[in-house]
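Read the structure below first, then the notes.
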Amino acid sequence: MTQYANPRAFKDIIKGATVPVIPQRPLLCIDINMAKRTVPLLPLLMVLDGICFTGLAQACRLLAQPALPLLSAEKEINIGAIFTIHRNALLKINPFTSKPDPTTCVSLNLREFKFAQTLMFAVEEINNSTQLLPGVSLGYKIYDSCGSIAHTIKSGMALLNGFDETLSDTSCSRPPAVLAIIRESTSSPTIGLASVVGPFSLPVISHFATCACLSDRKRYPSFFRTIPSDYYQSRALAQLVKHFGWTWVGTVRSRSDYGNNGITAFEEAAKQEGVCIEYSEAIFRTDPQEQFLKTIEVIKKGTAKVVLAFIALGDFVPLVKLIAQHNITGLQWVGTESWITSRTLAETKEYSFLSGAVGFAVANAKLAGLREFLVSVHPDNEPHNELLKEFWETAFQCSFRKNDSGGCTGSEKLAELQNEYTDISELRIANKVYTAVYAVAHTLHNTLKDLTFSSNNSKGERPTAQKVLEYMKDVRFTVKTGEEIFFDASGDPVARYDLVNWQPAKDGTLQFKHVGVYDSSLPSEQYQRLQVNQEHMLWAENSGQLPVSMCTESCPPGTRKAVQKGRPLCCYDCIPCAEGEISNGTGKIVHAG
């Protein structure tokens with residue numbers, strides 16, 4: 001039986017003295033007595049976020065406004081989180097004649113807001129537990145990246161330093177404001193954050209950043225994730241394409257670390273499987289319309305009947321809108337975990353051309369009590385929190401600034417609303433947020449337990465980010481869904497995927513049918529990792545017939561393959577056999593006699 005520390009001993013540690021850490025806030029101290037010396041201003045402004053004047057006083061202040069969390073509940077120990085709660089930050093042209101106004105973030109993302117609430121739900125569960133972190137209150141500080149790498153890094157710095165406007169002599173000798181950061185749903189911002197906080201040994205754990213590049217321990221020594229690396233998904237997709245006999249495919253990817261690294265790994269694995277790529281297009285959500293139209297034309301002119309979309313949901317939505325407008329149908333879509341279980345896509349009838357899509361998704365889960373927590377959110381809970389009002393307006397398509405029929409009354413019922421936020425049938429990624437919080441909590445529990453029983457406890461030692469990082473590498477626990485969680489040497493979990501197939505529901509929308517699995521823990525020989533129940537699948541346009549996608553069909557008897565110059569090996573001409581040669585029917589040549 002596991003021995004748990006005494007709750008009072010846990011609290012004694014939390015209230016203990018702080019220990020010196022590496023200074024974490026880059027500060028510029030200028031002696032006013034050296035005013036005659038010139039210092040290049042622009043490079044300094046680019047890298048520094050604080051300034052002090054040693055000739056006047058030993059006090060420092062932030063040059064800009066402090067970055068504040070949108071949702072927070074500070075306790076004895078705090079964890080940080082950064083979600084893309086708003087999809088975009090409005091771009092402003094600053095004249096550089098005055099202090100720029102704060103960035104305005106627009107287009108609230110219900111899915112990401114749901115992730116933030118899931119984190120809060122997990123923290124509440126942990127605080128109510130008598131077994132995990134007994135006697136210790138866990139708090140949180142949740143930031144909004146607004147879909148911006150710069151915002152992500154700024155939020156990360158705030159989680160390292162805190163957000164006091166003025167700093168004292170002791171500000172740089174205190175531990176980070178949080179002991180771990182749960183980060184982001186995309187890879188590129190996560191790469192930026194992990195690069196910034198890695199040197200300070202602050203653990204970053206992601207629920208949705210899948211780029212295989214993040215497994216590089218030399219570059220990202222403090223990064224972990226609860227979702228599998230795309231190293232496995234790319235290879236699983238190559239095996240899947242080969243399994244269905246598709247040797248001629250087109251690809252569309254996000255022009256980002258996620259898409260670029262993922263499709264590169266897929267192409268390498270596909271080549272080994274004898275699969276050829278007809279075209280490889282790259283797009284990003286902020287691309288001009290011309291770039292999307294160019295991709296549309298490539299897809300229309302392509303001869304491949306199968307298209308692999310290794311693409312983030314935010315990049316895919318503007319593309320599928322154009323595909324619907326151009327009435328491109330009859331293609332077999334293969335998807336990644338980013339969009340293959342998106343309710344936003346599946347519930348839009350204009351996107352019915354995606355029916356029959358197949359792809360890998362992380363395993364689904366049920367989190368008891370989560371729906372009740374989600375529907376309990378109300379602006380009245382925090383009257384001064386503008387985010388909750390914005391959420392309410394987005395969810396019910398109303399406004400608190402109107403008094404007419406389009407105005408919000410506050411009496412609307414979330415429990416009666418059916419949308420991406422209230423739906424708990426697909427908690428695949430939300431469960432990874434939940435798991436990430438528990439990974440931090442179990443790590444903190446183990447850290448505090450050992451500090452409680454150590455001979456150095458009399459010093460009042462407090463857990464540091466370095467200590468938490470050390471313990472997270474060895475954490476191992478089972479969540480209430482029954483899944484065992486641990487990290488390998490690269491900070492990755494075991495890769496397990498559900499194979500899902502989009503099939504029509506009775507109401508005309510699409511549903512996700514479970515038709516197979518991919519498990520990286522199984523032997524790789526003879527494709528044991530991939531298991532497919534093909535009998536229950538539907539294909540493009542709801543056909544029961546498996547599509548064929550080949551550049552050239554097999555050569556008939558009496559002919560042989562002749563590779564077409566400048567084209568992939570899958571494309572060839574079938575020419576008559578030479579004298580003294582025969583074909584066995586597979587395009588291979590056998591010399592007679």
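Chain labels follow the order of the structure tokens: the first chain is A, the next B, and so on; residue numbering restarts at 1 in every chain, and ligands are counted from 1 in their shown order.
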
Spatial neighbours of segment 543-545 of chain A, max dist 12 Å, only C-alpha atoms, sep filter under 3 positions, as number ranges by chain: A: 244, 330-332, 353, 355-357, 502-504, 534-540, 548

Quick check for you: according to DSSP on this backbone, which residues of segment 147-309 of chain A are classed as strand (DSSP E)? Reply as a VMD selection string. chain A and resid 166 to 167 181 to 183 204 to 206 223 to 225 248 to 254 276 to 283 306 to 309

Written file, previous selection with N, CA, C and O atoms, as a tab-separated table (two decimals), in the first residue's frame:
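Wrote it out as again.tsv, contents follow:
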```
chain	number	residue	atom	x	y	z
A	166	THR	N	6.12	46.31	-10.30
A	166	THR	CA	7.40	46.74	-9.76
A	166	THR	C	8.08	45.56	-9.09
A	166	THR	O	7.42	44.66	-8.56
A	167	LEU	N	9.40	45.56	-9.11
A	167	LEU	CA	10.19	44.45	-8.58
A	167	LEU	C	11.13	44.94	-7.50
A	167	LEU	O	11.73	46.02	-7.63
A	181	ILE	N	3.66	24.24	-16.41
A	181	ILE	CA	2.76	24.91	-17.35
A	181	ILE	C	2.12	23.86	-18.26
A	181	ILE	O	2.82	23.04	-18.86
A	182	ILE	N	0.80	23.90	-18.32
A	182	ILE	CA	0.07	23.06	-19.27
A	182	ILE	C	-0.20	23.93	-20.48
A	182	ILE	O	-0.79	24.99	-20.39
A	183	ARG	N	0.25	23.45	-21.62
A	183	ARG	CA	0.39	24.36	-22.76
A	183	ARG	C	-0.25	23.89	-24.05
A	183	ARG	O	0.02	22.81	-24.50
A	204	VAL	N	6.95	21.82	-18.88
A	204	VAL	CA	5.85	22.17	-19.79
A	204	VAL	C	5.23	20.86	-20.24
A	204	VAL	O	5.92	19.99	-20.77
A	205	ILE	N	3.92	20.72	-20.04
A	205	ILE	CA	3.25	19.48	-20.42
A	205	ILE	C	2.08	19.83	-21.33
A	205	ILE	O	1.23	20.63	-20.98
A	206	SER	N	2.07	19.26	-22.53
A	206	SER	CA	1.06	19.61	-23.52
A	206	SER	C	0.05	18.49	-23.72
A	206	SER	O	0.39	17.31	-23.63
A	223	PHE	N	10.15	19.32	-21.54
A	223	PHE	CA	8.86	19.15	-22.22
A	223	PHE	C	8.32	17.74	-22.04
A	223	PHE	O	9.05	16.74	-22.17
A	224	PHE	N	7.01	17.65	-21.78
A	224	PHE	CA	6.29	16.38	-21.69
A	224	PHE	C	4.96	16.55	-22.42
A	224	PHE	O	4.53	17.67	-22.71
A	225	ARG	N	4.30	15.44	-22.71
A	225	ARG	CA	2.97	15.54	-23.30
A	225	ARG	C	2.15	14.29	-22.97
A	225	ARG	O	2.71	13.20	-22.74
A	248	TRP	N	-1.28	5.88	-54.61
A	248	TRP	CA	-1.21	7.18	-55.30
A	248	TRP	C	-2.08	8.17	-54.54
A	248	TRP	O	-3.30	8.13	-54.60
A	249	VAL	N	-1.43	9.04	-53.75
A	249	VAL	CA	-2.19	9.94	-52.88
A	249	VAL	C	-1.69	11.37	-53.01
A	249	VAL	O	-0.52	11.62	-53.37
A	250	GLY	N	-2.59	12.32	-52.74
A	250	GLY	CA	-2.22	13.72	-52.63
A	250	GLY	C	-2.19	14.10	-51.16
A	250	GLY	O	-2.86	13.46	-50.34
A	251	THR	N	-1.41	15.11	-50.81
A	251	THR	CA	-1.34	15.53	-49.41
A	251	THR	C	-1.53	17.04	-49.31
A	251	THR	O	-1.11	17.80	-50.18
A	252	VAL	N	-2.18	17.45	-48.22
A	252	VAL	CA	-2.32	18.86	-47.87
A	252	VAL	C	-1.92	18.97	-46.40
A	252	VAL	O	-2.38	18.19	-45.57
A	253	ARG	N	-1.08	19.95	-46.11
A	253	ARG	CA	-0.58	20.07	-44.73
A	253	ARG	C	-0.67	21.52	-44.25
A	253	ARG	O	-0.78	22.45	-45.06
A	254	SER	N	-0.59	21.68	-42.95
A	254	SER	CA	-0.43	23.02	-42.38
A	254	SER	C	1.01	23.47	-42.61
A	254	SER	O	1.95	22.69	-42.45
A	276	CYS	N	3.24	6.38	-53.43
A	276	CYS	CA	3.76	7.57	-54.10
A	276	CYS	C	2.87	8.78	-53.83
A	276	CYS	O	1.65	8.65	-53.69
A	277	ILE	N	3.50	9.95	-53.77
A	277	ILE	CA	2.80	11.21	-53.51
A	277	ILE	C	2.65	11.98	-54.81
A	277	ILE	O	3.64	12.32	-55.46
A	278	GLU	N	1.41	12.26	-55.21
A	278	GLU	CA	1.18	13.02	-56.45
A	278	GLU	C	1.49	14.51	-56.25
A	278	GLU	O	2.14	15.14	-57.07
A	279	TYR	N	1.00	15.08	-55.16
A	279	TYR	CA	1.25	16.50	-54.87
A	279	TYR	C	1.28	16.70	-53.36
A	279	TYR	O	0.74	15.90	-52.59
A	280	SER	N	1.93	17.76	-52.94
A	280	SER	CA	2.03	18.10	-51.52
A	280	SER	C	1.84	19.60	-51.37
A	280	SER	O	2.74	20.38	-51.65
A	281	GLU	N	0.66	19.99	-50.91
A	281	GLU	CA	0.30	21.40	-50.77
A	281	GLU	C	0.39	21.83	-49.31
A	281	GLU	O	0.13	21.04	-48.39
A	282	ALA	N	0.75	23.10	-49.08
A	282	ALA	CA	0.86	23.64	-47.73
A	282	ALA	C	0.05	24.93	-47.63
A	282	ALA	O	0.12	25.79	-48.52
A	283	ILE	N	-0.74	25.06	-46.56
A	283	ILE	CA	-1.55	26.26	-46.35
A	283	ILE	C	-1.48	26.65	-44.88
A	283	ILE	O	-1.11	25.85	-44.02
A	306	VAL	N	-7.35	9.77	-53.36
A	306	VAL	CA	-7.18	9.81	-51.90
A	306	VAL	C	-6.35	11.03	-51.53
A	306	VAL	O	-5.30	11.28	-52.14
A	307	VAL	N	-6.84	11.81	-50.56
A	307	VAL	CA	-6.12	13.01	-50.09
A	307	VAL	C	-5.89	12.89	-48.60
A	307	VAL	O	-6.85	12.75	-47.82
A	308	LEU	N	-4.64	12.95	-48.20
A	308	LEU	CA	-4.28	12.96	-46.78
A	308	LEU	C	-4.15	14.41	-46.33
A	308	LEU	O	-3.35	15.16	-46.88
A	309	ALA	N	-4.92	14.79	-45.33
A	309	ALA	CA	-4.88	16.16	-44.80
A	309	ALA	C	-4.20	16.13	-43.43
A	309	ALA	O	-4.83	15.88	-42.41
```

Which of segment 289-438 of chain A DSSP labels helix (DSSP H, G or I), written as a ChimeraX atom specification: /A:289-301,313-325,343-346,349-354,370-375,379-381,386-396,414-416,428-438

Exercise: segment 187-200 of chain A partners within 10 Å, only C-alpha atoms, chain neighbours under 3 positions left out, as a compact mmCIF listing (two decimals) with N, CA and C atoms, in the first residue's frame:
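Result saved to out_4.txt:
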```txt
# COMPACT_ATOMS: atom_id res chain seq x y z
N VAL A 21 17.00 30.83 -6.76
CA VAL A 21 16.98 30.20 -8.08
C VAL A 21 17.68 31.14 -9.05
N ILE A 22 17.93 30.63 -10.24
CA ILE A 22 18.55 31.46 -11.27
C ILE A 22 17.64 32.64 -11.59
N PRO A 23 18.15 33.84 -11.69
CA PRO A 23 17.30 34.98 -12.04
C PRO A 23 16.56 34.71 -13.34
N GLN A 24 15.26 34.98 -13.34
CA GLN A 24 14.44 34.58 -14.48
C GLN A 24 13.90 35.76 -15.25
N ILE A 82 -1.82 27.73 -20.71
CA ILE A 82 -2.00 28.64 -21.84
C ILE A 82 -2.84 27.93 -22.89
N SER A 145 -3.41 32.62 -25.45
CA SER A 145 -2.35 32.89 -26.44
C SER A 145 -2.87 33.64 -27.65
N GLY A 147 -3.81 32.57 -30.34
CA GLY A 147 -3.28 32.00 -31.57
C GLY A 147 -1.96 32.60 -32.00
N SER A 148 -1.25 33.24 -31.09
CA SER A 148 -0.02 33.96 -31.42
C SER A 148 1.17 33.37 -30.66
N ILE A 149 2.26 33.12 -31.38
CA ILE A 149 3.48 32.63 -30.73
C ILE A 149 4.03 33.68 -29.77
N ALA A 150 3.97 34.96 -30.18
CA ALA A 150 4.46 36.03 -29.32
C ALA A 150 3.66 36.10 -28.02
N HIS A 151 2.35 35.95 -28.11
CA HIS A 151 1.51 35.96 -26.91
C HIS A 151 1.83 34.76 -26.02
N THR A 152 2.10 33.63 -26.65
CA THR A 152 2.44 32.44 -25.87
C THR A 152 3.70 32.67 -25.06
N ILE A 153 4.73 33.21 -25.68
CA ILE A 153 6.00 33.44 -24.99
C ILE A 153 5.83 34.50 -23.90
N LYS A 154 5.07 35.55 -24.19
CA LYS A 154 4.82 36.58 -23.18
C LYS A 154 4.08 35.98 -21.98
N SER A 155 3.12 35.13 -22.24
CA SER A 155 2.39 34.47 -21.15
C SER A 155 3.31 33.55 -20.36
N GLY A 156 4.19 32.85 -21.08
CA GLY A 156 5.15 31.98 -20.40
C GLY A 156 6.08 32.75 -19.49
N MET A 157 6.54 33.92 -19.94
CA MET A 157 7.40 34.75 -19.10
C MET A 157 6.66 35.24 -17.86
N LEU A 159 4.27 33.63 -16.38
CA LEU A 159 4.14 32.49 -15.48
C LEU A 159 5.46 32.17 -14.79
N LEU A 160 6.56 32.53 -15.42
CA LEU A 160 7.86 32.39 -14.77
C LEU A 160 8.04 33.45 -13.68
N PRO A 176 9.69 30.30 -9.51
CA PRO A 176 8.72 30.74 -10.51
C PRO A 176 7.33 30.89 -9.91
N ILE A 181 3.66 24.24 -16.41
CA ILE A 181 2.76 24.91 -17.35
C ILE A 181 2.12 23.86 -18.26
N ILE A 182 0.80 23.90 -18.32
CA ILE A 182 0.07 23.06 -19.27
C ILE A 182 -0.20 23.93 -20.48
N ARG A 183 0.25 23.45 -21.62
CA ARG A 183 0.39 24.36 -22.76
C ARG A 183 -0.25 23.89 -24.05
N GLU A 184 -1.10 24.73 -24.57
CA GLU A 184 -1.41 24.88 -25.99
C GLU A 184 -1.88 23.64 -26.74
N PRO A 203 8.79 22.57 -15.94
CA PRO A 203 8.11 21.58 -16.78
C PRO A 203 6.98 22.19 -17.61
N VAL A 204 6.95 21.82 -18.88
CA VAL A 204 5.85 22.17 -19.79
C VAL A 204 5.23 20.86 -20.24
N ILE A 205 3.92 20.72 -20.04
CA ILE A 205 3.25 19.48 -20.42
C ILE A 205 2.08 19.83 -21.33
N SER A 206 2.07 19.26 -22.53
CA SER A 206 1.06 19.61 -23.52
C SER A 206 0.05 18.49 -23.72
N PHE A 208 -1.86 18.56 -26.60
CA PHE A 208 -2.25 18.48 -28.02
C PHE A 208 -1.13 18.87 -28.98
N ALA A 209 0.07 19.16 -28.48
CA ALA A 209 1.19 19.47 -29.36
C ALA A 209 1.87 18.16 -29.73
N THR A 210 1.76 17.76 -30.98
CA THR A 210 2.15 16.41 -31.38
C THR A 210 3.41 16.33 -32.23
N CYS A 211 4.01 17.46 -32.59
CA CYS A 211 5.19 17.44 -33.46
C CYS A 211 6.28 16.54 -32.89
N ALA A 212 6.78 15.64 -33.72
CA ALA A 212 7.84 14.72 -33.27
C ALA A 212 9.10 15.46 -32.85
N CYS A 213 9.27 16.68 -33.37
CA CYS A 213 10.46 17.46 -33.05
C CYS A 213 10.55 17.77 -31.56
N LEU A 214 9.41 17.80 -30.86
CA LEU A 214 9.40 18.12 -29.44
C LEU A 214 9.95 17.01 -28.56
N LYS A 218 17.54 17.37 -26.06
CA LYS A 218 18.60 18.38 -26.00
C LYS A 218 18.02 19.78 -26.19
N ARG A 219 17.02 19.89 -27.05
CA ARG A 219 16.43 21.19 -27.33
C ARG A 219 15.30 21.53 -26.35
N TYR A 220 14.57 20.51 -25.90
CA TYR A 220 13.42 20.74 -25.03
C TYR A 220 13.51 19.83 -23.79
N PRO A 221 14.42 20.14 -22.89
CA PRO A 221 14.70 19.23 -21.76
C PRO A 221 13.58 19.16 -20.74
N SER A 222 12.63 20.11 -20.74
CA SER A 222 11.58 20.10 -19.72
C SER A 222 10.20 19.87 -20.32
N PHE A 223 10.15 19.32 -21.54
CA PHE A 223 8.86 19.15 -22.22
C PHE A 223 8.32 17.74 -22.04
N PHE A 224 7.01 17.65 -21.78
CA PHE A 224 6.29 16.38 -21.69
C PHE A 224 4.96 16.55 -22.42
N SER A 256 3.31 24.71 -40.90
CA SER A 256 3.70 24.90 -39.52
C SER A 256 4.56 23.72 -39.10
N ASP A 257 5.08 23.78 -37.89
CA ASP A 257 5.89 22.65 -37.40
C ASP A 257 5.07 21.37 -37.39
N TYR A 258 3.81 21.47 -37.03
CA TYR A 258 2.93 20.30 -37.00
C TYR A 258 2.80 19.67 -38.38
N GLY A 259 2.42 20.48 -39.35
CA GLY A 259 2.20 19.94 -40.69
C GLY A 259 3.48 19.57 -41.42
N ALA A 312 -3.89 21.23 -39.20
CA ALA A 312 -4.55 21.69 -37.99
C ALA A 312 -5.97 22.12 -38.31
N ALA A 465 11.09 24.23 -9.26
CA ALA A 465 10.80 23.74 -10.60
C ALA A 465 11.76 22.63 -10.99
N GLN A 466 13.03 22.79 -10.59
CA GLN A 466 14.03 21.76 -10.91
C GLN A 466 13.67 20.42 -10.26
```

Just want the 12 Å neighbourhood of Gln291 of chain A, counted on only C-alpha atoms, with same-chain residues fewer than 5 positions away dropped. Output as a PDB file with N, CA, C and O atoms, in the first residue's frame.
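Output file result-v4.pdb follows:
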```
ATOM      1  N   ARG A 255       1.167  24.748 -42.977  1.00  0.00           N
ATOM      2  CA  ARG A 255       2.511  25.290 -43.095  1.00  0.00           C
ATOM      3  C   ARG A 255       2.982  25.705 -41.700  1.00  0.00           C
ATOM      4  O   ARG A 255       3.052  26.876 -41.339  1.00  0.00           O
ATOM      5  N   GLU A 281       0.662  19.995 -50.914  1.00  0.00           N
ATOM      6  CA  GLU A 281       0.304  21.401 -50.770  1.00  0.00           C
ATOM      7  C   GLU A 281       0.391  21.834 -49.309  1.00  0.00           C
ATOM      8  O   GLU A 281       0.127  21.039 -48.393  1.00  0.00           O
ATOM      9  N   ALA A 282       0.749  23.097 -49.083  1.00  0.00           N
ATOM     10  CA  ALA A 282       0.861  23.643 -47.731  1.00  0.00           C
ATOM     11  C   ALA A 282       0.046  24.926 -47.633  1.00  0.00           C
ATOM     12  O   ALA A 282       0.118  25.787 -48.516  1.00  0.00           O
ATOM     13  N   ILE A 283      -0.735  25.062 -46.565  1.00  0.00           N
ATOM     14  CA  ILE A 283      -1.545  26.257 -46.351  1.00  0.00           C
ATOM     15  C   ILE A 283      -1.478  26.652 -44.882  1.00  0.00           C
ATOM     16  O   ILE A 283      -1.109  25.849 -44.015  1.00  0.00           O
ATOM     17  N   PHE A 284      -1.855  27.898 -44.605  1.00  0.00           N
ATOM     18  CA  PHE A 284      -1.960  28.391 -43.241  1.00  0.00           C
ATOM     19  C   PHE A 284      -3.165  29.318 -43.173  1.00  0.00           C
ATOM     20  O   PHE A 284      -3.510  29.982 -44.164  1.00  0.00           O
ATOM     21  N   ARG A 285      -3.812  29.350 -42.024  1.00  0.00           N
ATOM     22  CA  ARG A 285      -5.091  30.048 -41.895  1.00  0.00           C
ATOM     23  C   ARG A 285      -5.041  31.520 -42.314  1.00  0.00           C
ATOM     24  O   ARG A 285      -6.052  32.061 -42.762  1.00  0.00           O
ATOM     25  N   THR A 286      -3.876  32.143 -42.169  1.00  0.00           N
ATOM     26  CA  THR A 286      -3.767  33.567 -42.515  1.00  0.00           C
ATOM     27  C   THR A 286      -3.307  33.806 -43.949  1.00  0.00           C
ATOM     28  O   THR A 286      -3.087  34.956 -44.340  1.00  0.00           O
ATOM     29  N   ILE A 296      -6.774  24.569 -54.137  1.00  0.00           N
ATOM     30  CA  ILE A 296      -8.013  24.002 -54.679  1.00  0.00           C
ATOM     31  C   ILE A 296      -7.808  23.514 -56.106  1.00  0.00           C
ATOM     32  O   ILE A 296      -8.246  22.413 -56.491  1.00  0.00           O
ATOM     33  N   GLU A 297      -7.126  24.301 -56.918  1.00  0.00           N
ATOM     34  CA  GLU A 297      -6.891  23.920 -58.307  1.00  0.00           C
ATOM     35  C   GLU A 297      -6.013  22.676 -58.409  1.00  0.00           C
ATOM     36  O   GLU A 297      -6.236  21.817 -59.271  1.00  0.00           O
ATOM     37  N   VAL A 298      -5.013  22.583 -57.558  1.00  0.00           N
ATOM     38  CA  VAL A 298      -4.145  21.401 -57.558  1.00  0.00           C
ATOM     39  C   VAL A 298      -4.957  20.157 -57.233  1.00  0.00           C
ATOM     40  O   VAL A 298      -4.811  19.103 -57.872  1.00  0.00           O
ATOM     41  N   PRO A 318     -10.960  26.954 -43.317  1.00  0.00           N
ATOM     42  CA  PRO A 318     -11.083  27.798 -44.514  1.00  0.00           C
ATOM     43  C   PRO A 318     -10.918  27.021 -45.814  1.00  0.00           C
ATOM     44  O   PRO A 318     -11.488  27.396 -46.850  1.00  0.00           O
ATOM     45  N   LEU A 319     -10.168  25.922 -45.784  1.00  0.00           N
ATOM     46  CA  LEU A 319      -9.999  25.109 -46.991  1.00  0.00           C
ATOM     47  C   LEU A 319     -11.279  24.372 -47.338  1.00  0.00           C
ATOM     48  O   LEU A 319     -11.711  24.366 -48.504  1.00  0.00           O
ATOM     49  N   LEU A 322     -13.941  26.448 -49.029  1.00  0.00           N
ATOM     50  CA  LEU A 322     -13.732  26.631 -50.464  1.00  0.00           C
ATOM     51  C   LEU A 322     -14.043  25.355 -51.242  1.00  0.00           C
ATOM     52  O   LEU A 322     -14.573  25.404 -52.359  1.00  0.00           O
TER      53      LEU A 322
END
```

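Using only C-alpha atoms, the residues found no farther than 9 Å from segment 514-531 of chain A, other than those of its own chain fewer than 3 positions away, are Tyr232, Gln233, Ala236, Gln239, Leu240, Phe360, Val494, Ala495, Arg496, Tyr497, Asp498, Leu499, Val500, Asn501, Gln534, Glu535, His536 and Met537 of chain A.
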
When distances are computed from only C-alpha atoms, which of A:Leu427, A:Ile85, A:Ile77, A:Leu414 shows the smallest separation from Leu370 of chain A? A:Leu427

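Among A:Cys146, A:Leu444, A:Leu569, A:Met120, the residue with the shortest atom-to-atom distance to Thr103 of chain A, counting only C-alpha atoms, is A:Cys146.
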
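Reported to one decimal place, the separation of atom CA of Leu71 of chain A from atom CA of Ile485 of chain A is 27.3 Å.
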
Please identify all polymer residues within 8 Å of segment 371-376 of chain A, counting only C-alpha atoms, omitting same-chain residues fewer than 4 positions from it, and present them as a list of chain:residue names. A:Lys114, A:Gln117, A:Thr118, A:Phe121, A:Lys413, A:Leu414, A:Ala415, A:Tyr421, A:Thr422, A:Asp423, A:Ile424

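Among the candidates A:Tyr434, A:Tyr572, A:Tyr471, A:Phe310, the residue lying nearest to Leu448 of chain A is A:Tyr471 (atoms considered: only C-alpha atoms).
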
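Distance-wise, atom CA of Val437 of chain A and atom CA of Gly162 of chain A end up 20.3 Å apart.
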